Structure formats: structure tokens, C-alpha cells
Amino acid sequence: MAIVPKILVFAGSIRTGAYSGKTADCAQKELALQGADVTRISLADYPLPIMDQDLEKAEGVPANAVALARLFVAHDAILIATPEYNGSIPPLLKNAIDWVSRVRSDGGVPLNPYPGKLVALCSSSNGHFAGIRCINHLRAVLSHIQMEVISPQVSVPNGSEAFDENGEFKEERLRKGMARLCGALIERATLLSTRVEP
Ligand SMILES: Cc1cc2nc3c(=O)[nH]c(=O)nc-3n(C[C@H](O)[C@H](O)[C@H](O)COP(=O)(O)O)c2cc1C
């Protein structure tokens, strides 16, 4: 029986009406349409303090970082839709990545959420560059922590005009790009299933 890949989707912004949230919505719908078992989360539900090693030493890794690590491990792949701040990764997303990188165990059981985990990236912005500078930085960071970042990506320019009233991309180019990205992620996640059921 073919495996149904479990894919975790989230955006790097918790702003009301965020273009990255709308891009994540499109990814979520397309992945489900193509047969994946999708979990959608918001980083708003996993608040984390700014990474501080004194805090980590005094209090340990926050429970929300461990909860995110558990989710990463329980899925075959992750799709992140990120905004771009000053040509790079927004602090909400980088902070979450950094805290999760400090998780080593969960109740004494080793937990190593990143190495080998498949990840696909989308970016968006309200400008013409579509967050492309951020996605390049994010790709480098995630590769550094040994995630398997797939090559296809979707970058959405002019966010305020990119979506119709149903939340779909207006441009066919973006709809096709998202379908290709989701297809590639599902194909690889099916071949390389790495999830560990809780
Ligand atoms: C601190 C900050 C820096 C930003 N830098 C960039 C940038 O470098 N490039 C860009 O295209 N947009 C930039 N923007 C504008 C964002 O693209 C815009 O606010 C977008 O709506 C944020 O993403 P979201 O809609 O997913 O929340 C910046 C916004 C903020 C708040």
C-alpha cells in the first residue's frame, strides 16, 4: 500500500492577512488535493522568547520549541512560506528555527528534528522581488542544519494583488508553480519517508 506522506505547513508571519499565510493556504490546499495528509500550524500558537543562551541555561529549551520539534519529527516533510524582512529571514521564523535546533531530547528520548527532513520553500512580499532574497538565505540556513531542501520553489510578488476573493493565486504561472512544487514534495516524501510516529 502506498504511503500517504504527512506534510507540515506553516508561514513565517503571524500578521493578520499575511501574504505568506495566504501562500501557505494555497500550499495546504494543493498538497491535500494531491493526496498528502496535511497539518497546518501557526507560529502564533508556539510563542517563544528571543533566543538567549542564559535563558536556555537557566530554564532549558522552551516547551513550545520541543512541541515544534515533535511535530517536525512526526512529519515526512515541511513546507514553509516565508515573508522577507530587509532582504532576509524574519525574526519570528529564524527564532523558531534556532530554538528548535537546541532540542536534543524529549523526556529523555533523543529527538533530532532536522537532519534529513525534507523541506520546501515559498516566499512572498508586496514588492516585485517576491521575497527571493529571503528564500535564498533560508535555503542556506536549512541546508546548514542538514535539512533536505528541495529545488522547486514558489515566490509570490505583489502580495496585495496576488490572490483572488477565494484566496487562489490570480496568476496561472503561480498556480502551476505551486502544483509542481507540491507534486515534487509529495513524490520525495513518499520515497524518503522519515517520520517517527509519536
Ligand atoms: C521589518 C520589515 C522589513 C521588510 N523588508 C522587506 C524586504 O526586504 N523586502 C520586501 O519585499 N518587503 C519587505 N518588507 C515588507 C513585507 O514584504 C510586507 O510587510 C509583507 O506584507 C510581510 O509579509 P506578510 O504579509 O507575510 O506578513 C518588510 C517589512 C518589515 C516589517
# chains A, B, ... in the order shown; residues from 1 in each chain; ligands from 1
call {"tool": "residues_near_ligand", "arguments": {"ligand": "ligand 1", "cutoff": "7 Å", "atoms": "only C-alpha atoms and all ligand atoms", "output": "CSV table (one decimal) with N, CA, C and O atoms, in the first residue's frame"}}
result
chain,number,residue,atom,x,y,z
A,12,GLY,N,5.9,32.0,7.9
A,12,GLY,CA,6.9,32.7,8.7
A,12,GLY,C,6.4,34.1,9.2
A,12,GLY,O,7.1,34.9,9.7
A,13,SER,N,5.0,34.3,9.1
A,13,SER,CA,4.4,35.5,9.6
A,13,SER,C,3.1,35.2,10.3
A,13,SER,O,2.4,34.2,9.9
A,14,ILE,N,2.8,35.9,11.4
A,14,ILE,CA,1.5,35.7,12.0
A,14,ILE,C,0.6,37.0,11.9
A,14,ILE,O,-0.4,37.1,12.6
A,15,ARG,N,1.0,37.8,10.9
A,15,ARG,CA,0.3,39.0,10.7
A,15,ARG,C,-1.1,38.7,10.1
A,15,ARG,O,-1.3,37.8,9.3
A,17,GLY,N,-3.9,38.6,7.8
A,17,GLY,CA,-4.0,38.8,6.3
A,17,GLY,C,-2.6,38.7,5.7
A,17,GLY,O,-2.4,39.1,4.5
A,18,ALA,N,-1.7,38.0,6.3
A,18,ALA,CA,-0.3,37.9,5.8
A,18,ALA,C,-0.3,37.2,4.4
A,18,ALA,O,-1.0,36.2,4.2
A,19,TYR,N,0.5,37.8,3.5
A,19,TYR,CA,0.6,37.1,2.2
A,19,TYR,C,1.3,35.8,2.3
A,19,TYR,O,0.9,34.8,1.6
A,20,SER,N,2.2,35.6,3.3
A,20,SER,CA,2.8,34.3,3.5
A,20,SER,C,1.8,33.3,4.0
A,20,SER,O,1.8,32.1,3.7
A,21,GLY,N,0.9,33.8,4.8
A,21,GLY,CA,-0.2,32.9,5.3
A,21,GLY,C,-1.1,32.5,4.2
A,21,GLY,O,-1.5,31.4,4.1
A,82,THR,N,7.5,31.9,3.6
A,82,THR,CA,8.1,33.0,4.4
A,82,THR,C,8.0,34.4,3.7
A,82,THR,O,8.0,34.5,2.5
A,83,PRO,N,7.8,35.4,4.6
A,83,PRO,CA,8.0,36.8,4.1
A,83,PRO,C,9.5,37.1,4.1
A,83,PRO,O,10.3,36.3,4.4
A,84,GLU,N,9.8,38.3,3.6
A,84,GLU,CA,11.2,38.8,3.6
A,84,GLU,C,11.2,40.1,4.4
A,84,GLU,O,10.5,41.0,4.2
A,85,TYR,N,12.2,40.1,5.3
A,85,TYR,CA,12.4,41.3,6.1
A,85,TYR,C,13.9,41.8,5.8
A,85,TYR,O,14.8,41.1,6.1
A,86,ASN,N,14.0,43.0,5.3
A,86,ASN,CA,15.3,43.6,5.0
A,86,ASN,C,16.2,42.6,4.3
A,86,ASN,O,17.4,42.4,4.6
A,87,GLY,N,15.6,42.0,3.3
A,87,GLY,CA,16.4,41.1,2.4
A,87,GLY,C,16.7,39.8,3.0
A,87,GLY,O,17.5,39.0,2.4
A,88,SER,N,16.0,39.4,4.1
A,88,SER,CA,16.4,38.2,4.8
A,88,SER,C,15.3,37.6,5.6
A,88,SER,O,14.1,37.9,5.3
A,124,SER,N,7.1,35.3,-0.3
A,124,SER,CA,6.1,36.3,-0.8
A,124,SER,C,6.5,37.7,-0.3
A,124,SER,O,7.2,37.8,0.7
A,125,SER,N,6.1,38.7,-1.0
A,125,SER,CA,6.3,40.0,-0.5
A,125,SER,C,5.3,41.0,-1.2
A,125,SER,O,4.7,40.5,-2.2
A,126,ASN,N,5.3,42.2,-0.8
A,126,ASN,CA,4.4,43.1,-1.5
A,126,ASN,C,5.2,43.8,-2.6
A,126,ASN,O,4.6,44.7,-3.3
A,127,GLY,N,6.4,43.4,-2.8
A,127,GLY,CA,7.3,44.0,-3.9
A,127,GLY,C,7.4,43.1,-5.1
A,127,GLY,O,6.9,42.0,-5.1
A,129,PHE,N,10.2,41.7,-6.0
A,129,PHE,CA,11.2,40.7,-5.8
A,129,PHE,C,10.7,39.4,-5.1
A,129,PHE,O,11.4,38.4,-5.0
A,130,ALA,N,9.5,39.5,-4.6
A,130,ALA,CA,8.8,38.3,-4.1
A,130,ALA,C,9.4,37.5,-3.0
A,130,ALA,O,9.2,36.3,-2.8
A,131,GLY,N,10.3,38.2,-2.3
A,131,GLY,CA,11.0,37.6,-1.1
A,131,GLY,C,12.1,36.6,-1.6
A,131,GLY,O,12.5,35.8,-0.8
call {"tool": "residues_around", "arguments": {"residues": "segment 148-156 of chain A", "least_positions_apart": "4", "cutoff": "8 Å", "atoms": "only C-alpha atoms", "output": "list in words"}}
result
Thr23, Pro115, Gly116, Lys117, Leu118, Val119, Ala120, Leu121, Cys122, Ser123, Ser124, Ser125, Ala130, Gly131, Ile132, Arg139, Leu142, Ser143, Ala162, Leu174, Gly177, Met178, Arg180, Leu181, Ala184 and Leu185 of chain A
call {"tool": "select_by_dssp", "arguments": {"residues": "segment 122-187 of chain A", "states": "strand (DSSP E or B)", "output": "list in words"}}
result
Cys122, Ser123, Ser124, Glu148, Val149, Ile150, Ser151, Pro152, Gln153, Val154, Ser155, Val156, Phe163 and Phe169 of chain A
call {"tool": "select_by_dssp", "arguments": {"residues": "segment 77-193 of chain A", "states": "alpha helix (DSSP H)", "output": "PyMOL selection string"}}
result
chain A and resi 91-100+132-144+159-162+172-191
call {"tool": "residues_around", "arguments": {"residues": "Asn112 of chain A", "least_positions_apart": "6", "cutoff": "12 Å", "atoms": "only C-alpha atoms", "output": "PDB file with N, CA and C atoms, in the first residue's frame"}}
result
ATOM      1  N   VAL A  66      10.124  22.354  21.957  1.00  0.00           N
ATOM      2  CA  VAL A  66      10.061  20.884  21.967  1.00  0.00           C
ATOM      3  C   VAL A  66       8.802  20.420  21.214  1.00  0.00           C
ATOM      4  N   LEU A  68       7.318  21.961  18.753  1.00  0.00           N
ATOM      5  CA  LEU A  68       7.580  22.107  17.311  1.00  0.00           C
ATOM      6  C   LEU A  68       8.496  20.981  16.825  1.00  0.00           C
ATOM      7  N   ALA A  69       9.514  20.681  17.601  1.00  0.00           N
ATOM      8  CA  ALA A  69      10.445  19.597  17.213  1.00  0.00           C
ATOM      9  C   ALA A  69       9.694  18.276  17.065  1.00  0.00           C
ATOM     10  N   ARG A  70       8.783  18.025  17.998  1.00  0.00           N
ATOM     11  CA  ARG A  70       7.975  16.796  17.920  1.00  0.00           C
ATOM     12  C   ARG A  70       7.163  16.758  16.627  1.00  0.00           C
ATOM     13  N   LEU A  71       6.589  17.908  16.276  1.00  0.00           N
ATOM     14  CA  LEU A  71       5.805  17.976  15.033  1.00  0.00           C
ATOM     15  C   LEU A  71       6.689  17.728  13.818  1.00  0.00           C
ATOM     16  N   PHE A  72       7.879  18.329  13.804  1.00  0.00           N
ATOM     17  CA  PHE A  72       8.789  18.137  12.667  1.00  0.00           C
ATOM     18  C   PHE A  72       9.090  16.645  12.493  1.00  0.00           C
ATOM     19  N   VAL A  73       9.392  16.002  13.612  1.00  0.00           N
ATOM     20  CA  VAL A  73       9.767  14.584  13.567  1.00  0.00           C
ATOM     21  C   VAL A  73       8.590  13.712  13.107  1.00  0.00           C
ATOM     22  N   ALA A  74       7.385  14.113  13.462  1.00  0.00           N
ATOM     23  CA  ALA A  74       6.197  13.291  13.164  1.00  0.00           C
ATOM     24  C   ALA A  74       5.711  13.451  11.724  1.00  0.00           C
ATOM     25  N   VAL A 100      14.392  25.445  17.928  1.00  0.00           N
ATOM     26  CA  VAL A 100      14.191  24.014  17.634  1.00  0.00           C
ATOM     27  C   VAL A 100      15.544  23.316  17.438  1.00  0.00           C
ATOM     28  N   SER A 101      16.541  24.074  16.942  1.00  0.00           N
ATOM     29  CA  SER A 101      17.871  23.471  16.756  1.00  0.00           C
ATOM     30  C   SER A 101      18.522  23.122  18.095  1.00  0.00           C
ATOM     31  N   ARG A 102      17.995  23.638  19.195  1.00  0.00           N
ATOM     32  CA  ARG A 102      18.560  23.347  20.519  1.00  0.00           C
ATOM     33  C   ARG A 102      17.897  22.148  21.182  1.00  0.00           C
ATOM     34  N   VAL A 103      16.849  21.617  20.551  1.00  0.00           N
ATOM     35  CA  VAL A 103      16.166  20.451  21.123  1.00  0.00           C
ATOM     36  C   VAL A 103      17.028  19.210  20.864  1.00  0.00           C
ATOM     37  N   ARG A 104      17.301  18.492  21.903  1.00  0.00           N
ATOM     38  CA  ARG A 104      18.121  17.283  21.767  1.00  0.00           C
ATOM     39  C   ARG A 104      17.359  16.035  22.199  1.00  0.00           C
ATOM     40  N   SER A 105      16.404  16.254  23.115  1.00  0.00           N
ATOM     41  CA  SER A 105      15.655  15.105  23.624  1.00  0.00           C
ATOM     42  C   SER A 105      14.276  15.561  24.076  1.00  0.00           C
ATOM     43  N   ASP A 106      13.416  14.575  24.255  1.00  0.00           N
ATOM     44  CA  ASP A 106      12.047  14.835  24.684  1.00  0.00           C
ATOM     45  C   ASP A 106      11.747  13.830  25.796  1.00  0.00           C
ATOM     46  N   ILE A 145      21.644  23.185   8.630  1.00  0.00           N
ATOM     47  CA  ILE A 145      21.188  22.299   9.707  1.00  0.00           C
ATOM     48  C   ILE A 145      20.749  20.933   9.161  1.00  0.00           C
ATOM     49  N   GLN A 146      21.228  20.662   7.947  1.00  0.00           N
ATOM     50  CA  GLN A 146      21.116  19.329   7.336  1.00  0.00           C
ATOM     51  C   GLN A 146      19.702  18.934   6.948  1.00  0.00           C
ATOM     52  N   MET A 147      18.837  19.934   6.717  1.00  0.00           N
ATOM     53  CA  MET A 147      17.545  19.595   6.124  1.00  0.00           C
ATOM     54  C   MET A 147      17.753  19.389   4.630  1.00  0.00           C
ATOM     55  N   THR A 194      10.439   9.794   6.501  1.00  0.00           N
ATOM     56  CA  THR A 194      11.343   9.823   7.661  1.00  0.00           C
ATOM     57  C   THR A 194      10.592  10.023   8.970  1.00  0.00           C
ATOM     58  N   ARG A 195       9.265  10.011   8.899  1.00  0.00           N
ATOM     59  CA  ARG A 195       8.541  10.389  10.125  1.00  0.00           C
ATOM     60  C   ARG A 195       8.638   9.295  11.184  1.00  0.00           C
ATOM     61  N   VAL A 196       8.572   9.745  12.404  1.00  0.00           N
ATOM     62  CA  VAL A 196       8.551   8.837  13.537  1.00  0.00           C
ATOM     63  C   VAL A 196       7.228   9.097  14.241  1.00  0.00           C
TER      64      VAL A 196
END
call {"tool": "residues_around", "arguments": {"residues": "Ser42 of chain A", "least_positions_apart": "3", "cutoff": "7 Å", "atoms": "only C-alpha atoms", "output": "PyMOL selection string"}}
result
chain A and resi 10-11+14+45
call {"tool": "write_last_selection", "arguments": {"atoms": "N, CA, C and O atoms", "output": "mmCIF file, in the first residue's frame"}}
result
data_model
loop_
_atom_site.group_PDB
_atom_site.id
_atom_site.type_symbol
_atom_site.label_atom_id
_atom_site.label_comp_id
_atom_site.auth_asym_id
_atom_site.auth_seq_id
_atom_site.Cartn_x
_atom_site.Cartn_y
_atom_site.Cartn_z
ATOM 1 N N PHE A 10 3.487 25.723 7.469
ATOM 2 C CA PHE A 10 3.304 26.941 8.260
ATOM 3 C C PHE A 10 3.941 28.131 7.563
ATOM 4 O O PHE A 10 4.749 27.985 6.647
ATOM 5 N N ALA A 11 3.527 29.318 8.019
ATOM 6 C CA ALA A 11 4.042 30.568 7.457
ATOM 7 C C ALA A 11 5.010 31.204 8.449
ATOM 8 O O ALA A 11 4.926 30.979 9.660
ATOM 9 N N ILE A 14 2.809 35.915 11.367
ATOM 10 C CA ILE A 14 1.507 35.714 12.026
ATOM 11 C C ILE A 14 0.645 36.962 11.859
ATOM 12 O O ILE A 14 -0.350 37.138 12.562
ATOM 13 N N ASP A 45 0.756 29.988 17.697
ATOM 14 C CA ASP A 45 0.381 29.022 18.733
ATOM 15 C C ASP A 45 1.594 28.430 19.435
ATOM 16 O O ASP A 45 1.435 27.590 20.330
#
call {"tool": "closest_atom_pairs", "arguments": {"of": "segment 133-175 of chain A", "to": "segment 29-37 of chain A", "cutoff": "12 Å", "atoms": "only C-alpha atoms", "output": "tab-separated table"}}
result
residue	atom	partner	partner_atom	distance
A:Asn166	CA	A:Lys29	CA	11.7
A:Gly167	CA	A:Lys29	CA	10.3
A:Glu168	CA	A:Lys29	CA	9.6
A:Phe169	CA	A:Glu30	CA	11.5
A:Leu174	CA	A:Glu30	CA	11.9
A:Arg175	CA	A:Glu30	CA	9.1
call {"tool": "closest_residue", "arguments": {"among": "A:Val4, A:His144, A:Pro198, A:Lys57", "to": "Val109 of chain A", "atoms": "only C-alpha atoms"}}
result
A:Pro198
